[in-house]
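Colleague: The structure follows.
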Amino acid sequence: MFRPAGTAEIIRSHQKDDNFLSLLRSSFADICQRIAGPRVWIQWRKHLDVTADLAYFCLTTLSDLQTVGEEYVNIIQTDKSLRTLPSKWRRALMLALQVCAPYIVQATLDKLERHVQDSSPSSIRPTTREAVLSILPLIRKAVTILHRIHLMMFYINGIFYHLSKRVAGIHYIQYMSRERDHSSLRPFQILGYLSVFQLFSSFVINLVLLVTALRRQRQSSHVSSSLSDVETETDHVRVMPNEKCPLCLGRRRRSTLTPCGHLYCWSCIHEWCLSKQECPLCRDQFPSHRLIVLQNYDST
């Protein structure tokens with residue numbers, strides 16, 4: 001018989017899909033590094049991850065097939081009637097919200113932050129700069145809180161694990177040979193109520209921290225604007241060869257030393273080590289915890 005899918009089955013399905021997506025992203029990254037090299041891969045890493053996710057769900061969900069996780073726990077997507085498959089546009093909407101929307105929002109916020117930080121004082125007033133730079137972290141925090149509230153509702157109700165499925169109205173049903181034991185839902189409901197308490201506590205703490213940070217920001221606004229002017233001026237200075245990062249070819253930021261003696265930007269070599277724990281230049285292998293960030297080494 002067909003019954004609405006349980007909380008445990010939906011979670012196991014999501015975990016199975018996540019494991020398969022990790023393998024697919026790793027394969028895309030390896031192909032890109034072999035064809036175009038590590039420098040191109042670092043530049044296009046996030047784009048490749050989105051491409052891998054889109055390819056996976058287009059070949060499964062949009063093609064009227066179960067994902068690996070859904071097949072693993074024997075669940076099927078339906079509309080709210082729990083009797084028919086969701087329409088193509090509902091599945092396309094779910095895919096756009098689940099894969100594309102987070103990437104677009106994050107890329108837009110990052111681009112706006114870089115634009116404000118790199119702009120000259122004559123193009124953006126210092127007060128506007130400070131306001132934008134203070135609002136962007138709040139937006140990111142709000143998105144995180146929204147996801148936590150949604151996950152909390154899932155643990156209590158056990159229906160929509162992804163926010164995209166809630167918006168698109170996509171449910172799950174499962175074929176079961178016997179009646180489900182509803183007592184298995186209680187641990188998840190308890191976890192949901194604990195999440196409510198934790199979310200409320202973190203809200204109060206963050207509110208206090210926000211008020212304190214705003215007071216400190218007003219006191220140090222003059223110092224911050226002076227530092228931003230200095231950074232803007234030094235960005236236009238010609239980069240010397242010994243100050244370049246071999247991966248991004250820009251001025252090194254937070255110079256990091258590998259055990260073999262080569263220097264990179266911290267962000268560049270850290271992202272590289274997520275895929276391969278070796279030096280990009282000499283191929284000397286080392287664990288990522290042996291990277292050393294050089295304090296007070298950079299000239300800027």
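Residue names in the structure tokens use chain letters A, B, ... in the order shown, residue numbers from 1 in each chain, and ligand numbers from 1 in the order shown.
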Could you find all residues in range 41-142 of chain A that DSSP calls alpha helix (DSSP H) from the backbone, and write them as a ChimeraX atom specification?
Modeller: /A:41-59,68-73,88-95,101-118,126-142
Colleague: Taking only C-alpha atoms into account, name the residue in A:Pro187, A:Gly250, A:Gly69, A:Pro126 that is nearest to Phe20 in chain A.
Modeller: A:Gly69
Colleague: Tell me, as a PyMOL selection string, which residues lie within 12 Å of Gln285 in chain A, counting only C-alpha atoms; anything in the same chain fewer than 3 positions away does not count.
Modeller: chain A and resi 258-260+273+276-282+288+290-291
Colleague: Determine, counting only C-alpha atoms, which protein, DNA and RNA residues have an atom within 7 Å of an atom of range 10-17 of chain A; residues of the same chain fewer than 2 positions away are not included. Present the result as a VMD selection string.
Modeller: chain A and resid 5 to 8 19 to 21 68 to 70 72 to 73
Colleague: Nearest to Leu93 in chain A among A:Arg166, A:Arg45, A:His147, A:Arg25, with distances taken over only C-alpha atoms: which residue is it?
Modeller: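 Under the stated criterion, the closest residue is A:Arg166.
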